file work-v6.txt (compact mmCIF, C-alpha atoms and all ligand atoms)
# COMPACT_ATOMS: atom_id res chain seq x y z
CA MET A 181 0.00 0.00 0.00
CA PRO A 182 1.29 3.49 -0.75
CA GLU A 183 2.47 4.97 2.56
CA LEU A 184 3.38 8.55 3.49
CA PRO A 185 6.43 8.87 1.17
CA GLU A 186 4.60 7.41 -1.83
CA VAL A 187 1.52 9.59 -1.31
CA GLU A 188 3.73 12.64 -0.74
CA THR A 189 5.57 11.87 -4.00
CA THR A 190 2.27 11.61 -5.86
CA VAL A 191 0.96 14.86 -4.38
CA LYS A 192 4.14 16.83 -5.05
CA MET A 193 4.20 15.71 -8.69
CA LEU A 194 0.50 16.34 -9.24
CA GLN A 195 0.91 19.84 -7.80
CA THR A 196 3.33 20.69 -10.60
CA LYS A 197 1.02 19.29 -13.29
CA VAL A 198 -2.59 19.69 -12.26
CA LEU A 199 -2.98 22.90 -10.21
CA ASN A 200 -5.41 25.38 -11.79
CA ARG A 201 -6.57 22.81 -14.31
CA THR A 202 -10.31 22.20 -14.69
CA PHE A 203 -12.04 18.81 -14.89
CA VAL A 204 -13.90 18.66 -18.19
CA ASP A 205 -15.07 15.04 -18.09
CA ILE A 206 -14.68 11.75 -16.19
CA TRP A 207 -14.80 8.15 -17.36
CA THR A 208 -14.94 4.92 -15.39
CA ASN A 209 -15.45 1.24 -15.99
CA SER A 210 -15.72 0.60 -12.24
CA PRO A 211 -18.36 2.90 -10.72
CA PRO A 212 -18.07 1.22 -7.26
CA LEU A 213 -14.62 2.84 -6.85
CA ILE A 214 -16.51 6.11 -6.47
CA LYS A 215 -18.02 5.87 -3.01
CA LYS A 216 -19.54 9.35 -2.65
CA PRO A 217 -21.84 10.30 -4.21
CA GLN A 218 -22.78 6.72 -4.96
CA SER A 219 -24.12 7.49 -8.39
CA PHE A 220 -21.34 7.95 -10.93
CA LEU A 221 -23.55 10.29 -12.93
CA ASP A 222 -24.04 12.54 -9.89
CA PHE A 223 -20.29 12.49 -9.24
CA LYS A 224 -19.57 13.39 -12.84
CA ASN A 225 -22.09 16.21 -12.90
CA GLN A 226 -20.84 17.66 -9.62
CA ILE A 227 -17.18 17.64 -10.51
CA LYS A 228 -17.33 18.77 -14.13
CA GLY A 229 -16.28 22.37 -14.69
CA HIS A 230 -14.47 22.65 -11.36
CA LYS A 231 -10.91 23.86 -11.05
CA VAL A 232 -8.18 22.23 -8.92
CA LEU A 233 -7.14 24.91 -6.42
CA LYS A 234 -5.02 22.86 -4.03
CA ILE A 235 -3.64 19.31 -3.75
CA GLU A 236 -2.47 18.05 -0.38
CA ARG A 237 -1.70 14.89 1.56
CA ARG A 238 -3.40 14.01 4.81
CA GLY A 239 -1.98 10.75 6.14
CA LYS A 240 -2.29 8.41 3.17
CA ASN A 241 -5.18 10.41 1.66
CA ILE A 242 -4.89 12.76 -1.30
CA ILE A 243 -7.20 15.77 -1.14
CA PHE A 244 -7.99 17.88 -4.20
CA SER A 245 -9.58 21.17 -3.15
CA LEU A 246 -11.80 22.30 -6.01
CA SER A 247 -13.60 25.49 -6.91
CA GLY A 248 -17.22 25.60 -5.79
CA ASN A 249 -16.23 24.65 -2.22
CA LEU A 250 -15.66 21.00 -3.15
CA ALA A 251 -13.04 18.52 -1.96
CA MET A 252 -12.24 15.27 -3.73
CA LEU A 253 -10.58 12.62 -1.59
CA VAL A 254 -8.58 9.80 -3.19
CA HIS A 255 -7.29 6.92 -1.08
CA GLN A 256 -5.11 4.65 -3.18
CA LYS A 257 -5.45 1.72 -0.73
CA MET A 258 -3.64 -1.51 -1.71
CA THR A 259 -2.65 -1.22 -5.35
CA GLY A 260 -3.97 2.09 -6.62
CA HIS A 261 -1.89 4.93 -8.01
CA LEU A 262 -2.70 8.14 -9.84
CA LEU A 263 -1.02 8.74 -13.18
CA TYR A 264 -0.78 11.83 -15.35
CA GLY A 265 -0.59 11.59 -19.11
CA LYS A 266 -2.57 11.19 -22.30
CA TRP A 267 -4.54 8.10 -23.09
CA GLU A 268 -6.82 7.11 -25.90
CA GLU A 269 -9.55 4.51 -25.96
CA GLU A 270 -8.82 1.29 -27.82
CA ASN A 271 -11.41 -1.50 -27.74
CA GLY A 272 -12.96 -0.23 -24.52
CA LYS A 273 -9.58 0.16 -22.81
CA TRP A 274 -7.54 3.31 -22.30
CA VAL A 275 -4.10 3.01 -23.82
CA SER A 276 -1.37 5.51 -23.14
CA GLU A 277 -0.30 7.65 -26.06
CA ILE A 278 2.90 8.39 -24.26
CA LYS A 279 5.88 6.07 -24.53
CA GLY A 280 8.06 5.08 -21.58
CA PRO A 281 6.88 3.62 -18.28
CA LEU A 282 3.30 4.79 -18.68
CA LYS A 283 2.95 2.52 -21.64
CA SER A 284 5.42 -0.29 -21.02
CA ASP A 285 4.95 -0.98 -17.29
CA SER A 286 2.04 -3.36 -16.76
CA GLN A 287 1.27 -1.77 -13.37
CA ASN A 288 0.15 1.32 -15.27
CA ARG A 289 -2.39 -0.49 -17.40
CA PHE A 290 -5.22 -1.10 -14.93
CA LEU A 291 -7.01 2.15 -15.63
CA HIS A 292 -10.42 2.30 -13.98
CA ILE A 293 -11.07 6.03 -13.68
CA VAL A 294 -9.90 8.73 -16.09
CA PHE A 295 -10.28 12.45 -15.31
CA PHE A 296 -10.04 14.65 -18.40
CA LEU A 297 -8.46 18.07 -17.88
CA ASP A 298 -8.82 21.29 -19.83
CA ASN A 299 -5.22 21.10 -21.10
CA GLY A 300 -5.85 17.87 -23.02
CA PHE A 301 -4.08 15.74 -20.41
CA GLN A 302 -5.66 13.26 -18.02
CA ILE A 303 -5.29 11.97 -14.49
CA ALA A 304 -5.91 8.24 -14.40
CA LEU A 305 -6.31 5.81 -11.53
CA SER A 306 -4.54 2.53 -12.22
CA ASP A 307 -5.63 -0.05 -9.67
CA LEU A 308 -5.05 -3.77 -10.15
CA ARG A 309 -7.20 -4.91 -7.21
CA LYS A 310 -9.73 -2.09 -7.25
CA PHE A 311 -9.66 -1.28 -3.52
CA ALA A 312 -9.00 2.44 -4.00
CA LYS A 313 -11.74 4.93 -3.24
CA VAL A 314 -12.77 8.32 -4.53
CA GLU A 315 -15.15 10.54 -2.57
CA LEU A 316 -16.52 14.01 -3.18
CA TYR A 317 -17.40 16.29 -0.26
CA SER A 318 -18.16 19.90 0.42
CA GLN A 319 -15.19 21.46 2.24
CA GLU A 320 -17.24 21.54 5.45
CA GLU A 321 -18.11 17.83 5.27
CA LEU A 322 -14.63 16.64 4.37
CA ASN A 323 -13.55 15.83 7.91
CA LEU A 324 -16.38 13.33 8.17
CA ALA A 325 -14.64 11.05 5.64
CA SER A 326 -13.95 7.68 7.31
CA THR A 327 -10.22 7.85 6.52
CA LEU A 328 -9.89 11.41 7.92
CA LYS A 329 -12.27 11.39 10.88
CA ASN A 330 -9.94 9.85 13.47
CA LEU A 331 -6.66 10.59 11.77
CA GLY A 332 -3.76 11.19 14.17
CA LYS A 333 -1.02 13.79 13.76
CA ASP A 334 1.13 13.36 10.68
CA ALA A 335 4.23 11.21 11.22
CA LEU A 336 6.39 14.01 9.80
CA LYS A 337 4.82 16.70 11.97
CA ILE A 338 4.32 15.15 15.40
CA SER A 339 6.71 16.58 18.00
CA LEU A 340 8.79 14.35 20.28
CA GLU A 341 6.81 15.60 23.31
CA GLU A 342 3.50 14.71 21.75
CA PHE A 343 4.78 11.37 20.48
CA THR A 344 6.10 10.50 23.96
CA LYS A 345 2.86 11.50 25.64
CA LYS A 346 0.69 9.51 23.23
CA SER A 347 2.92 6.43 23.47
CA LYS A 348 2.40 6.20 27.24
CA ASN A 349 -1.27 5.38 26.74
CA GLN A 350 -0.70 2.64 24.18
CA LYS A 351 -0.56 -0.94 25.40
CA GLY A 352 -0.28 -2.48 21.92
CA LYS A 353 2.93 -3.70 20.30
CA ILE A 354 4.93 -0.80 18.90
CA LYS A 355 4.83 -2.19 15.34
CA GLN A 356 1.04 -2.22 15.35
CA VAL A 357 0.76 1.13 17.10
CA LEU A 358 3.00 2.84 14.52
CA MET A 359 0.69 1.60 11.76
CA GLU A 360 -2.46 2.71 13.57
CA GLN A 361 -3.62 5.78 11.61
CA SER A 362 -5.51 7.24 14.57
CA PHE A 363 -2.28 7.15 16.61
CA ILE A 364 -0.06 8.61 13.94
CA ALA A 365 -0.82 9.20 10.27
CA GLY A 366 1.12 7.92 7.29
CA ILE A 367 3.07 4.80 8.31
CA GLY A 368 2.42 1.31 6.96
CA ASN A 369 4.20 -2.04 7.00
CA ILE A 370 7.40 -1.21 5.12
CA TYR A 371 8.29 1.99 6.98
CA ALA A 372 7.28 0.62 10.40
CA ASP A 373 9.83 -2.20 9.97
CA GLU A 374 12.54 0.16 8.71
CA ILE A 375 11.96 2.70 11.49
CA LEU A 376 12.12 0.07 14.26
CA PHE A 377 15.27 -1.46 12.78
CA ARG A 378 16.98 1.92 12.68
CA ALA A 379 15.84 2.72 16.23
CA LYS A 380 16.94 -0.78 17.45
CA VAL A 381 13.56 -1.51 18.96
CA ASN A 382 11.91 -4.92 18.94
CA PRO A 383 8.60 -4.68 17.05
CA GLN A 384 6.82 -6.72 19.73
CA THR A 385 7.63 -4.31 22.58
CA PRO A 386 4.49 -3.05 24.35
CA THR A 387 4.47 0.65 23.47
CA ASN A 388 3.82 1.92 27.02
CA GLU A 389 6.86 -0.03 28.26
CA LEU A 390 9.31 1.72 25.94
CA LYS A 391 12.02 3.67 27.74
CA LYS A 392 12.33 7.39 27.06
CA ASN A 393 15.52 6.97 25.01
CA LYS A 394 13.82 4.35 22.81
CA ILE A 395 10.83 6.58 22.16
CA LYS A 396 13.27 9.31 21.19
CA ALA A 397 15.14 6.91 18.88
CA ILE A 398 11.90 5.86 17.16
CA HIS A 399 10.83 9.48 16.67
CA LYS A 400 14.21 10.36 15.21
CA ALA A 401 14.31 7.28 12.94
CA MET A 402 10.79 8.02 11.76
CA GLN A 403 11.74 11.51 10.57
CA ALA A 404 14.97 10.33 8.96
CA ILE A 405 13.50 7.32 7.14
CA LEU A 406 10.39 9.11 5.88
CA LYS A 407 12.36 12.12 4.65
CA MET A 408 14.87 9.95 2.86
CA ALA A 409 12.10 7.85 1.31
CA ILE A 410 10.41 11.02 0.01
CA LYS A 411 13.72 12.13 -1.47
CA GLU A 412 13.97 8.77 -3.25
CA GLY A 413 10.40 8.99 -4.57
CA GLY A 414 9.01 6.24 -2.32
CA THR A 415 9.22 2.45 -2.52
CA SER A 416 7.90 0.27 -5.32
CA PHE A 417 8.21 -3.29 -3.98
CA SER A 418 4.82 -4.01 -5.48
CA ASP A 419 2.47 -1.72 -7.30
CA PHE A 420 3.38 1.86 -6.51
CA ARG A 421 4.29 4.13 -9.42
CA ASN A 422 4.53 7.92 -9.40
CA PRO A 423 2.28 10.03 -11.68
CA ASP A 424 4.81 9.66 -14.51
CA GLY A 425 4.46 5.89 -14.14
CA GLU A 426 7.94 5.45 -12.67
CA LYS A 427 9.05 3.39 -9.70
CA GLY A 428 10.31 4.85 -6.44
CA ASN A 429 13.92 4.27 -5.51
CA PHE A 430 13.83 3.78 -1.73
CA GLY A 431 13.70 -0.02 -2.13
CA ASN A 432 17.47 0.21 -2.75
CA PHE A 433 17.95 1.60 0.74
CA THR A 434 15.71 -0.60 2.90
CA LYS A 435 17.57 -2.58 5.54
CA VAL A 436 15.09 -5.17 6.88
CA TYR A 437 11.85 -5.24 4.94
CA ARG A 438 11.62 -8.57 3.07
CA LYS A 439 15.20 -9.47 4.00
CA THR A 440 14.38 -12.57 6.03
CA GLY A 441 17.38 -14.89 6.32
CA GLN A 442 19.85 -12.27 5.09
CA ASP A 443 22.64 -10.93 7.30
CA CYS A 444 21.81 -7.91 9.41
CA PRO A 445 23.83 -5.01 7.95
CA ARG A 446 24.83 -3.99 11.52
CA CYS A 447 25.68 -7.24 13.30
CA LYS A 448 25.49 -9.99 10.63
CA THR A 449 22.86 -11.99 12.55
CA LYS A 450 20.28 -13.65 10.28
CA MET A 451 17.20 -11.49 10.07
CA LYS A 452 13.83 -12.88 11.08
CA ARG A 453 10.24 -12.62 10.02
CA ILE A 454 7.25 -12.95 12.34
CA LYS A 455 3.59 -12.01 12.13
CA ILE A 456 2.27 -9.14 14.21
CA GLY A 457 -1.42 -8.37 13.88
CA GLY A 458 -1.48 -10.52 10.76
CA ARG A 459 1.27 -8.49 9.06
CA SER A 460 4.73 -9.75 8.17
CA THR A 461 7.31 -8.11 10.37
CA HIS A 462 11.03 -8.17 9.66
CA PHE A 463 13.70 -7.53 12.29
CA CYS A 464 17.15 -8.44 13.59
CA PRO A 465 16.79 -10.64 16.69
CA LYS A 466 20.11 -9.35 18.05
CA CYS A 467 20.05 -5.57 17.39
CA GLN A 468 16.34 -5.45 18.20
CA LYS A 469 16.25 -7.62 21.33
CA LEU A 470 13.00 -7.66 23.28
ZN ZN A 501 21.56 -6.88 13.85

call {"tool": "encode", "arguments": {"input": "work-v6.txt", "output": "structure tokens", "more": "lines below"}}
Ligand SMILES: [Zn+2]
result
Amino acid sequence: MPELPEVETTVKMLQTKVLNRTFVDIWTNSPPLIKKPQSFLDFKNQIKGHKVLKIERRGKNIIFSLSGNLAMLVHQKMTGHLLYGKWEEENGKWVSEIKGPLKSDSQNRFLHIVFFLDNGFQIALSDLRKFAKVELYSQEELNLASTLKNLGKDALKISLEEFTKKSKNQKGKIKQVLMEQSFIAGIGNIYADEILFRAKVNPQTPTNELKKNKIKAIHKAMQAILKMAIKEGGTSFSDFRNPDGEKGNFGNFTKVYRKTGQDCPRCKTKMKRIKIGGRSTHFCPKCQKL
């Protein structure tokens, strides 16, 4: 799933391409991806003619603020990603006119929603598994969206004091707590593993039992890892592509994620994989002792 760095990458790139553009039409072959309003026709009628005034990230959500007091929320979920380019319809499918990764990379071919812009370009949602969601709100209603309602402070913005204070009330395992969007917004499986490895904290540690210096180490690692991942354009172990259809580069810098059985880069111990809350968790049993 795209996490904070991937969503940030998408937002930053879309800002350079889509700001002040107007939606002139929308196409879909999967109306259920549009959750609000439930009728695709209503969605289309409401969004047509509106200009993109602002694009921002909130946790893993992308928010397009539109003229007419509207806000469109896109959550890419498991395998979704927004692309920017030009496509044309060929036998009921949209095929990219543009060469390069947009055309050649199969991850960019699962187009289910296409937004047509007034400059002749399009934003397209490519989503293999079709779990993404698109919702349209008035600006006032936006905070009622299920993925925004209980959203915690952003992982890049939370202060050490606030992080420490919140951690004291959490009994859950630190790995799970880091991924809990109401605790802190933006982190998923890959970055949680990388952050805990860097901070030398065992992922199974009950959060409220973490010593002050460990909390500080996690907070510091979180900032460092997320910032570096943004700089590298995110991670593309599976489906993520940026709006140009290209992969992120941070996968070349990960230390533990999916490295089960390999030597720990710090102490050479074989790295382990366990399940926490149903999610694969990778760690070094020596550097990250419980
Ligand atoms: Zn180690």

call {"tool": "residues_near_point", "arguments": {"input": "work-v6.txt", "point": "(-2.0, 18.1, -1.4)", "cutoff": "9 Å", "atoms": "only C-alpha atoms", "output": "PyMOL selection string"}}
result
chain A and resi 188+190-192+194-195+234-238+241-245

call {"tool": "residues_near_ligand", "arguments": {"input": "work-v6.txt", "ligand": "ligand ZN 501 (chain A)", "cutoff": "9 Å", "atoms": "only C-alpha atoms and all ligand atoms", "output": "VMD selection string"}}
result
chain A and resid 377 380 443 to 451 463 to 468

call {"tool": "write_last_selection", "arguments": {"input": "work-v6.txt", "atoms": "C-alpha atoms", "output": "mmCIF file, keeping the file's coordinate frame"}}
result
data_model
loop_
_atom_site.group_PDB
_atom_site.id
_atom_site.type_symbol
_atom_site.label_atom_id
_atom_site.label_comp_id
_atom_site.auth_asym_id
_atom_site.auth_seq_id
_atom_site.Cartn_x
_atom_site.Cartn_y
_atom_site.Cartn_z
ATOM 1 C CA PHE A 377 15.270 -1.460 12.780
ATOM 2 C CA LYS A 380 16.940 -0.780 17.450
ATOM 3 C CA ASP A 443 22.640 -10.930 7.300
ATOM 4 C CA CYS A 444 21.810 -7.910 9.410
ATOM 5 C CA PRO A 445 23.830 -5.010 7.950
ATOM 6 C CA ARG A 446 24.830 -3.990 11.520
ATOM 7 C CA CYS A 447 25.680 -7.240 13.300
ATOM 8 C CA LYS A 448 25.490 -9.990 10.630
ATOM 9 C CA THR A 449 22.860 -11.990 12.550
ATOM 10 C CA LYS A 450 20.280 -13.650 10.280
ATOM 11 C CA MET A 451 17.200 -11.490 10.070
ATOM 12 C CA PHE A 463 13.700 -7.530 12.290
ATOM 13 C CA CYS A 464 17.150 -8.440 13.590
ATOM 14 C CA PRO A 465 16.790 -10.640 16.690
ATOM 15 C CA LYS A 466 20.110 -9.350 18.050
ATOM 16 C CA CYS A 467 20.050 -5.570 17.390
ATOM 17 C CA GLN A 468 16.340 -5.450 18.200
#

call {"tool": "atom_distance", "arguments": {"input": "work-v6.txt", "atom1": "atom CA of A:Pro383", "atom2": "atom CA of A:Arg453"}}
result
10.7 Å

call {"tool": "closest_residue", "arguments": {"input": "work-v6.txt", "among": "A:His261, A:Lys469, A:Arg201, A:Lys394", "to": "A:Gly425", "atoms": "only C-alpha atoms"}}
result
A:His261

call {"tool": "closest_residue", "arguments": {"input": "work-v6.txt", "among": "A:Asp424, A:Val436, A:Met258, A:Gly248", "to": "A:Ser284", "atoms": "only C-alpha atoms"}}
result
A:Asp424

call {"tool": "residues_around", "arguments": {"input": "work-v6.txt", "residues": "A:Ile303", "least_positions_apart": "2", "cutoff": "10 Å", "atoms": "all atoms listed in the file", "output": "ChimeraX atom specification"}}
result
/A:194,197-198,203,206,262-267,293-297,301,305-306,423

call {"tool": "atom_distance", "arguments": {"input": "work-v6.txt", "atom1": "atom CA of A:Lys273", "atom2": "atom CA of A:Phe290"}}
result
9.1 Å

call {"tool": "closest_residue", "arguments": {"input": "work-v6.txt", "among": "A:Gly300, A:Ser347, A:Leu246, A:Ser276", "to": "A:Gln319", "atoms": "only C-alpha atoms"}}
result
A:Leu246

call {"tool": "closest_residue", "arguments": {"input": "work-v6.txt", "among": "A:Ser460, A:Asn429, A:Gln403, A:Gln226", "to": "A:Leu336", "atoms": "only C-alpha atoms"}}
result
A:Gln403

call {"tool": "atom_distance", "arguments": {"input": "work-v6.txt", "atom1": "atom CA of A:Glu315", "atom2": "atom CA of A:Met193"}}
result
20.9 Å

call {"tool": "closest_residue", "arguments": {"input": "work-v6.txt", "among": "A:Leu213, A:Ile395, A:Leu322, A:Leu470", "to": "A:Leu358", "atoms": "only C-alpha atoms"}}
result
A:Ile395

call {"tool": "closest_residue", "arguments": {"input": "work-v6.txt", "among": "A:Gln302, A:Asn288, A:Phe311, A:Thr189", "to": "A:Pro212", "atoms": "all atoms listed in the file"}}
result
A:Phe311

call {"tool": "residues_around", "arguments": {"input": "work-v6.txt", "residues": "A:Ile410", "least_positions_apart": "3", "cutoff": "8 Å", "atoms": "all atoms listed in the file", "output": "PyMOL selection string"}}
result
chain A and resi 185-186+188-189+406-407+413-414
